[in-house]
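**Q** Questions regarding the structure given below will be posed in turn.
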Amino acid sequence: MRTSETHHDRPLIPGRAQILPLLVCAAALASGGSPLRAEEPDASARAQAQKLAVTVCGTCHGQEGNNTQPKFPRLAGQNPTYLAAQLKAFRSQGRGDPDAISYMWGMAAELDDDTIAALAAYYAGQKPESGPRADQAAITRGREIYERGIPAEGVPACSSCHGADAHGQQDFPRLAGQHEQYILKQLGSFQSNMRKVAIMHGVAQNLRAAEMESVAAFLQSQP
Amino acid sequence: MSGRTIGGASTFLASGLLAVALLAAASAADAVPSFARQTGMACEACHTVYPELTHFGRVFKANGYVLSNVKQVRDVTGKKEELLSLAQSVPLSIMAQVSYTQMKTTVPDLSAAGAPGVAQNGTAGFPQQLSLFYAGKIAPNFGAFIQLTYANDSGTIGIDNTDLRFADTTLLGDNKPLTYGISLNNNPTVQDLWNTTPAWGYPYTATNAAVSPLAGTAIDGAFAQDVAGLTGYLYWNESLYAEVGGYRSAKQGQVNALTGGAGPLDGTASNVMSGLAPYWRAAYEYNRGAHSLELGVYGAQFRLYPGAGAPLSGPLNRFNDVAEDLQYQYVSDEHQVTIAGTHIHESMTLDASFANGGSANPTDNLSTTRLWATYYYRRKIGATLAYFSTTGSADPGLYPSTVAAPGGNPGVIVSANGSPDTRGWMAEVNYVPWLNVKIAAQYTVYNKFNGAGSNYDGLGRSASDNNTLYLLLWFAY
């Protein structure tokens with residue numbers, strides 16, 4: 001654990017900050033095997049998924065995936081590859097953060113691949129809303145970490161995997177507009193390894209609570 | 001508490017003589033592990049701490065208890081019509097309550113004429129109650145909450161709260177869900193979604209070994225497990241709720257004097273409803289972030305034959321109940337806060353009882369207010385503070401000053417001044433070591449009981465003599 005608070009004032013090292021995350025992302029894609037690809041659902045599957053999403057998932061996640069309850073993630077605009085992979089991880093009980101166990105292991109237990117693909121497509125097609133803006137200083141600091149990382153502490157720029165606009169790509173989730181509280185809980189779960197994602201475990205271990213809060217505040221405010 | 005259906009006898013005042021009728025009653029328990037097994041979700045999805053429902057729990061109930069995430073035995077036609085969808089695990093649960101009750105001052109011993117002694121103080125209920133549930137899906141849009149209960153006061157097993165539901169949800173053009181359903185149930189408000197109405201309101205459980213006040217409104221549990229009701233409801237966008245329906249007497253353990261069968265009901269039965277008792281309910285719930293706010297109204301109108309030896313014809317007693325309710329919840333991982341309450345106003349038109357001397361007035365009124373606030377830390381340690389008050393017009397016929405006993409009038413359960421007024425507080429602390437096990441200590445303080453603070457029974461007993469300590473171990477599996 002770090003004890004120094006002085007790193008905020010240290011100059012960033014752009015070169016390293018950019019190279020490291022690219023390597024990490026490449027490794028993640030390689031080690032994960034071929035990326036999951038959601039099949040295009042037909043009209044009937046889309047209608048069924050819409051009903052399921054609104055009437056069941058929507059109670060917690062919001063009817064169009066833009067809920068206000070910070071315990072549950074916003075799903076509107078989430079990239080479908082990531083979302084399908086998560087639903088499959090819930091189904092196989094491979095994702096083990098507390099709310100995954102309490103809620104999603106059950107909810108996803110009997111979902112078939114077609115339904116998962118259709119649900120992922122439904123949420124991908126919804127228009128995301130940005131969340132409320134928090135303290136501007138935190139947002140500024142969060143943006144800095146998000147875009148440039150903290151090279152001296154081995155924290156890569158989040159943007160290198162999650163995209164400059166935090167809209168995600170492939171296996172990497174969209175984070176823009178996500179609830180600050182949800183992001184913090186996930187970072188905590190990565191840190192404790194309850195949610196086992198090697199890259200994020202490494203990242204979260206090197207982040208202090210205040211830094212996590214800044215990044216989460218920044219992401220929540222993004223469109 | 002007055003007239004509640006929970007945890008013990010509830011009082012009701014609508015018999016032929018409008019004397020007190022003690023109805024066997026059951027504990028609230030809208031929280032059973034078979035739902036968790038069926039959905040694969042932890043208790044916290046549907047409950048803050050059982051039996052209080054979260055928004056998700058209310059939606060689950062409105063949808064007929066059918067959300068199922070377990071493997072099914074299925075039968076499907078070529079047109080994808082589902083003929084059967086049967087969970088491979090049976091949704092059964094058991095629930096037990098073990099309790100200890102200590103009154104501040106015990107009651108007289110009535111075992112013999114002129115018995116000078118007093119009853120034992122300190123009642124162990126082992127169990128106070130033991131229940132078996134079928135709680136879960138029956139068919140794709142058809143679910144049930146059925147409770148069978150053994151209670152130590154009756155020493156028998158009987159039907160307890162039951163709610164059979166058909167429900168479905170459709171998407172409206174604007175992508176808003178509309179849930180519609182039908183509930184067949186045996187207790188007005190047992191089908192309700194909020195923990196404000198009588199069947200599932202606070203106190204969620206109470207002793208059955210203390211003294212209950214004389215007065216309670218009719219909708220406040222008087223007909224629990226004694227009626228059959230069919231109601232239809234709409235729940236728009238998980239926020240606006242409307243329900244109407246009717247109840248009819250469905251007496252348990254009642255035998256027709258002529259046929260020896262379960263019916264038809266005749267004049268030997270008391271409080272038999274004339275026709276259907278209409279029930280109505282409207283509520284609006286607003287959810288934002290971790291906050292949930294509900295405002296609602298509900299009511300019913302009961303027209304009763306006094307019965308108890310009088311023919312089921314002629315004048316009726318009418319009870320018109322109108323109530324408001326409110327619930328605020330804040331639910332996060334760390335903190336769970338609930339502030340809730342209800343106010344029930346009852347107008348009585350006692351044509352039958354006034355004619356036969358059962359009431360002193362042709363009309364009476366009665367109001368009950370209950371307010372409570374609950375806080376839990378991490379669903380582990382919690383406390384509740386509750387206020388309750390019943391006020392109404394004095395009527396020495398309804399709330400008599402004497403009761404017959406071998407040694408003369410023993411007091412305690414009477415009202416010397418004919419007033420129904422009862423007021424007090426409840427404080428409760430809870431420890432929930434696991435989400436299906438609760439340990440509770442509850443203390444009830446009466447400032448006023450059956451019309452007065454001191455000497456309410458005319459024999460020197462004070463309201464505070466009925467203060468009660470209740471210790472409870474409550475678990476379900």
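Naming scheme: A, B, ... for chains in displayed order of the structure tokens; residues 1 onward per chain; ligands 1 onward as shown.
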Env of Gly424 of chain B: 8 Å cut, atoms = only C-alpha atoms, seq-sep filter 6 positions within chain, self excluded. Answer as a ChimeraX atom specification.
**A** /B:387-389,444-448
**Q** Those residues with N, CA and C atoms, as a short mmCIF file (atom, residue, chain, number, x, y, z; two decimals), in the first residue's frame please?
**A**
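Printed below is result01.cif as written:
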data_model
loop_
_atom_site.label_atom_id
_atom_site.label_comp_id
_atom_site.auth_asym_id
_atom_site.auth_seq_id
_atom_site.Cartn_x
_atom_site.Cartn_y
_atom_site.Cartn_z
N TYR B 387 -45.83 4.55 17.03
CA TYR B 387 -46.89 5.19 17.81
C TYR B 387 -48.21 4.63 17.34
N PHE B 388 -49.11 4.36 18.26
CA PHE B 388 -50.44 3.90 17.84
C PHE B 388 -51.51 4.59 18.67
N SER B 389 -52.62 4.84 18.03
CA SER B 389 -53.71 5.52 18.72
C SER B 389 -55.03 5.10 18.11
N THR B 444 -44.03 -2.68 24.54
CA THR B 444 -45.22 -1.88 24.26
C THR B 444 -45.61 -1.11 25.51
N VAL B 445 -45.79 0.17 25.32
CA VAL B 445 -46.19 1.05 26.43
C VAL B 445 -47.57 1.61 26.13
N TYR B 446 -48.49 1.46 27.07
CA TYR B 446 -49.83 2.04 26.90
C TYR B 446 -49.96 3.28 27.77
N ASN B 447 -50.26 4.41 27.12
CA ASN B 447 -50.59 5.62 27.87
C ASN B 447 -52.07 5.64 28.21
N LYS B 448 -52.84 5.00 27.35
CA LYS B 448 -54.28 4.94 27.55
C LYS B 448 -54.74 3.58 27.06
#
**Q** Among segment 311-456 of chain B, which ones does DSSP assign to helix (DSSP H, G or I) (computed from the backbone)? Answer as a count of residues only.
**A** 5
**Q** Using only C-alpha atoms, I'd like a table of the residues in chain A that come within 7 Å of chain B; for each, show the closest atom pair and its distance in Å rounded to one decimal, ordered by chain and ascending number, as JSON lines.
**A**
{"residue": "A:Lys51", "atom": "CA", "partner": "B:Leu171", "partner_atom": "CA", "distance": 6.7}
{"residue": "A:Val54", "atom": "CA", "partner": "B:Pro177", "partner_atom": "CA", "distance": 7.0}
{"residue": "A:Thr55", "atom": "CA", "partner": "B:Pro177", "partner_atom": "CA", "distance": 6.2}
{"residue": "A:Thr59", "atom": "CA", "partner": "B:Phe56", "partner_atom": "CA", "distance": 6.3}
{"residue": "A:Thr68", "atom": "CA", "partner": "B:Gly289", "partner_atom": "CA", "distance": 4.5}
{"residue": "A:Gln69", "atom": "CA", "partner": "B:Gly289", "partner_atom": "CA", "distance": 3.9}
{"residue": "A:Pro70", "atom": "CA", "partner": "B:Gly289", "partner_atom": "CA", "distance": 6.2}
{"residue": "A:Ser102", "atom": "CA", "partner": "B:Ala42", "partner_atom": "CA", "distance": 4.9}
{"residue": "A:Tyr103", "atom": "CA", "partner": "B:Met41", "partner_atom": "CA", "distance": 4.9}
{"residue": "A:Trp105", "atom": "CA", "partner": "B:Gly40", "partner_atom": "CA", "distance": 6.8}
{"residue": "A:Gly106", "atom": "CA", "partner": "B:Gly40", "partner_atom": "CA", "distance": 3.7}
{"residue": "A:Met107", "atom": "CA", "partner": "B:Asn69", "partner_atom": "CA", "distance": 6.1}
{"residue": "A:Ala109", "atom": "CA", "partner": "B:Asn69", "partner_atom": "CA", "distance": 6.0}
{"residue": "A:Glu110", "atom": "CA", "partner": "B:Asn69", "partner_atom": "CA", "distance": 5.7}
**Q** What would the file look like if the residues just selected were written as a PDB file, in the first residue's frame with N, CA and C atoms?
**A**
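That gives us out13.pdb:
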ATOM      1  N   LYS A  51     -39.596  -6.690 -23.877  1.00  0.00           N
ATOM      2  CA  LYS A  51     -40.543  -6.909 -22.783  1.00  0.00           C
ATOM      3  C   LYS A  51     -39.815  -7.369 -21.519  1.00  0.00           C
ATOM      4  N   VAL A  54     -37.832  -4.381 -20.059  1.00  0.00           N
ATOM      5  CA  VAL A  54     -38.639  -3.336 -19.417  1.00  0.00           C
ATOM      6  C   VAL A  54     -39.316  -3.861 -18.160  1.00  0.00           C
ATOM      7  N   THR A  55     -39.888  -5.077 -18.249  1.00  0.00           N
ATOM      8  CA  THR A  55     -40.731  -5.528 -17.147  1.00  0.00           C
ATOM      9  C   THR A  55     -39.967  -6.268 -16.057  1.00  0.00           C
ATOM     10  N   THR A  59     -36.961  -3.009 -13.593  1.00  0.00           N
ATOM     11  CA  THR A  59     -37.312  -2.658 -12.217  1.00  0.00           C
ATOM     12  C   THR A  59     -36.084  -2.135 -11.467  1.00  0.00           C
ATOM     13  N   THR A  68     -32.081   5.486 -11.898  1.00  0.00           N
ATOM     14  CA  THR A  68     -31.529   6.490 -10.973  1.00  0.00           C
ATOM     15  C   THR A  68     -31.008   5.840  -9.705  1.00  0.00           C
ATOM     16  N   GLN A  69     -31.194   4.535  -9.594  1.00  0.00           N
ATOM     17  CA  GLN A  69     -30.796   3.813  -8.375  1.00  0.00           C
ATOM     18  C   GLN A  69     -29.318   3.425  -8.499  1.00  0.00           C
ATOM     19  N   PRO A  70     -28.425   4.053  -7.731  1.00  0.00           N
ATOM     20  CA  PRO A  70     -26.999   3.860  -7.963  1.00  0.00           C
ATOM     21  C   PRO A  70     -26.469   2.471  -7.604  1.00  0.00           C
ATOM     22  N   SER A 102     -25.901 -11.795  -5.212  1.00  0.00           N
ATOM     23  CA  SER A 102     -27.222 -11.623  -4.604  1.00  0.00           C
ATOM     24  C   SER A 102     -28.336 -11.523  -5.631  1.00  0.00           C
ATOM     25  N   TYR A 103     -28.041 -10.890  -6.752  1.00  0.00           N
ATOM     26  CA  TYR A 103     -29.109 -10.611  -7.715  1.00  0.00           C
ATOM     27  C   TYR A 103     -28.940 -11.375  -9.027  1.00  0.00           C
ATOM     28  N   TRP A 105     -26.801 -13.753 -10.301  1.00  0.00           N
ATOM     29  CA  TRP A 105     -26.633 -15.204 -10.454  1.00  0.00           C
ATOM     30  C   TRP A 105     -28.003 -15.843 -10.666  1.00  0.00           C
ATOM     31  N   GLY A 106     -28.963 -15.377  -9.893  1.00  0.00           N
ATOM     32  CA  GLY A 106     -30.312 -15.906 -10.051  1.00  0.00           C
ATOM     33  C   GLY A 106     -30.956 -15.437 -11.335  1.00  0.00           C
ATOM     34  N   MET A 107     -30.903 -14.138 -11.574  1.00  0.00           N
ATOM     35  CA  MET A 107     -31.616 -13.583 -12.723  1.00  0.00           C
ATOM     36  C   MET A 107     -31.109 -14.149 -14.050  1.00  0.00           C
ATOM     37  N   ALA A 109     -29.603 -17.108 -14.452  1.00  0.00           N
ATOM     38  CA  ALA A 109     -29.374 -18.559 -14.388  1.00  0.00           C
ATOM     39  C   ALA A 109     -29.967 -19.311 -15.568  1.00  0.00           C
ATOM     40  N   GLU A 110     -31.130 -18.909 -16.007  1.00  0.00           N
ATOM     41  CA  GLU A 110     -31.811 -19.673 -17.058  1.00  0.00           C
ATOM     42  C   GLU A 110     -31.869 -18.935 -18.384  1.00  0.00           C
TER      43      GLU A 110
END
**Q** Report, in Å with one decimal, the straight-line distance from atom CA of Asp465 of chain B to atom CA of Gln102 of chain B.
**A**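 Result for atom CA of Asp465 of chain B versus atom CA of Gln102 of chain B: 10.9 Å, one decimal.
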**Q** Could you give me, as a VMD selection string, the residues within 7 Å of segment 342-355 of chain B, counting only C-alpha atoms and dropping anything in the same chain fewer than 3 positions from it?
**A** chain B and resid 16 to 18 196 to 197 217 306 315 to 326 358 to 371
**Q** Show me, as a compact mmCIF listing (two decimals) with N, CA and C atoms, in the first residue's frame, the residues that have an atom within 7 Å of segment 114-121 of chain A when counting only C-alpha atoms, minus same-chain residues fewer than 4 positions from it.
**A**
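Saved file result_7.txt follows:
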# COMPACT_ATOMS: atom_id res chain seq x y z
N ALA A 38 -22.16 -10.74 -30.26
CA ALA A 38 -23.60 -10.95 -30.11
C ALA A 38 -24.22 -11.18 -31.48
N GLU A 39 -25.02 -12.24 -31.58
CA GLU A 39 -25.73 -12.51 -32.83
C GLU A 39 -26.82 -11.44 -33.00
N PRO A 41 -30.33 -10.42 -33.23
CA PRO A 41 -31.60 -11.07 -32.95
C PRO A 41 -32.67 -10.69 -33.99
N ALA A 45 -37.41 -12.01 -31.39
CA ALA A 45 -36.49 -12.04 -30.24
C ALA A 45 -36.31 -10.63 -29.68
N ARG A 46 -36.31 -9.64 -30.57
CA ARG A 46 -36.15 -8.25 -30.10
C ARG A 46 -37.35 -7.83 -29.26
N ALA A 49 -37.20 -9.58 -25.96
CA ALA A 49 -36.15 -9.01 -25.12
C ALA A 49 -36.57 -7.65 -24.58
N ALA A 53 -36.69 -6.83 -20.79
CA ALA A 53 -35.84 -5.75 -20.29
C ALA A 53 -36.67 -4.72 -19.51
N PRO A 80 -22.66 -4.24 -26.58
CA PRO A 80 -23.33 -5.54 -26.45
C PRO A 80 -22.37 -6.69 -26.19
N LEU A 83 -21.81 -6.65 -22.48
CA LEU A 83 -23.01 -6.99 -21.72
C LEU A 83 -23.32 -8.48 -21.84
N ALA A 84 -23.18 -9.02 -23.05
CA ALA A 84 -23.43 -10.45 -23.24
C ALA A 84 -22.43 -11.28 -22.43
N LEU A 87 -23.53 -11.19 -18.76
CA LEU A 87 -24.69 -12.05 -18.49
C LEU A 87 -24.27 -13.52 -18.46
N GLY A 125 -29.00 -0.42 -27.94
CA GLY A 125 -29.78 0.50 -28.77
C GLY A 125 -30.44 1.63 -28.00
**Q** Hey, can you check how far atom CA of Ser393 of chain B sits from atom CA of Phe449 of chain B?
**A** 14.5 Å
**Q** So what do you get for atom CA of Ala340 of chain B versus atom CA of Ala62 of chain B, distance-wise?
**A**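 Spanning atom CA of Ala340 of chain B to atom CA of Ala62 of chain B is a straight-line distance of 20.2 Å.
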**Q** Just the residues within 12 Å of Gln126 of chain A, please, counting only C-alpha atoms, with nothing from its chain fewer than 2 positions along; format it as a JSON list (two decimals) with C-alpha atoms, in the first residue's frame.
**A**
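So result_29.json came out as:
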[["chain", "number", "residue", "atom", "x", "y", "z"],
["A", 50, "GLN", "CA", -37.72, -5.58, -24.95],
["A", 53, "ALA", "CA", -35.84, -5.75, -20.29],
["A", 54, "VAL", "CA", -38.64, -3.34, -19.42],
["A", 62, "GLY", "CA", -34.56, 1.38, -15.58],
["A", 63, "GLN", "CA", -36.90, 0.69, -18.47],
["A", 64, "GLU", "CA", -34.45, 2.06, -21.02],
["A", 65, "GLY", "CA", -31.42, 1.28, -18.92],
["A", 66, "ASN", "CA", -31.12, 4.79, -17.48],
["A", 74, "ARG", "CA", -27.04, 1.90, -16.05],
["A", 75, "LEU", "CA", -27.12, -0.24, -19.15],
["A", 76, "ALA", "CA", -28.31, 2.17, -21.85],
["A", 77, "GLY", "CA", -25.78, 2.31, -24.66],
["A", 78, "GLN", "CA", -23.63, -0.39, -23.11],
["A", 79, "ASN", "CA", -21.64, -2.23, -25.71],
["A", 80, "PRO", "CA", -23.33, -5.54, -26.45],
["A", 119, "LEU", "CA", -31.03, -8.23, -24.28],
["A", 120, "ALA", "CA", -27.55, -6.96, -25.06],
["A", 121, "ALA", "CA", -28.80, -5.57, -28.34],
["A", 122, "TYR", "CA", -31.77, -3.89, -26.63],
["A", 123, "TYR", "CA", -29.59, -2.03, -24.16],
["A", 124, "ALA", "CA", -27.00, -1.18, -26.81],
["A", 128, "PRO", "CA", -27.71, 6.79, -22.59],
["A", 129, "GLU", "CA", -28.15, 9.76, -20.32],
["B", 175, "ASN", "CA", -42.55, 1.44, -23.47]]
**Q** Among segment 153-248 of chain B, which residues does DSSP mark as strand (DSSP E or B) when it is run on the backbone? Keep the chain and numbering as in the structure and answer as a VMD selection string.
**A** chain B and resid 156 to 171 177 to 185 227 to 236 240 to 248
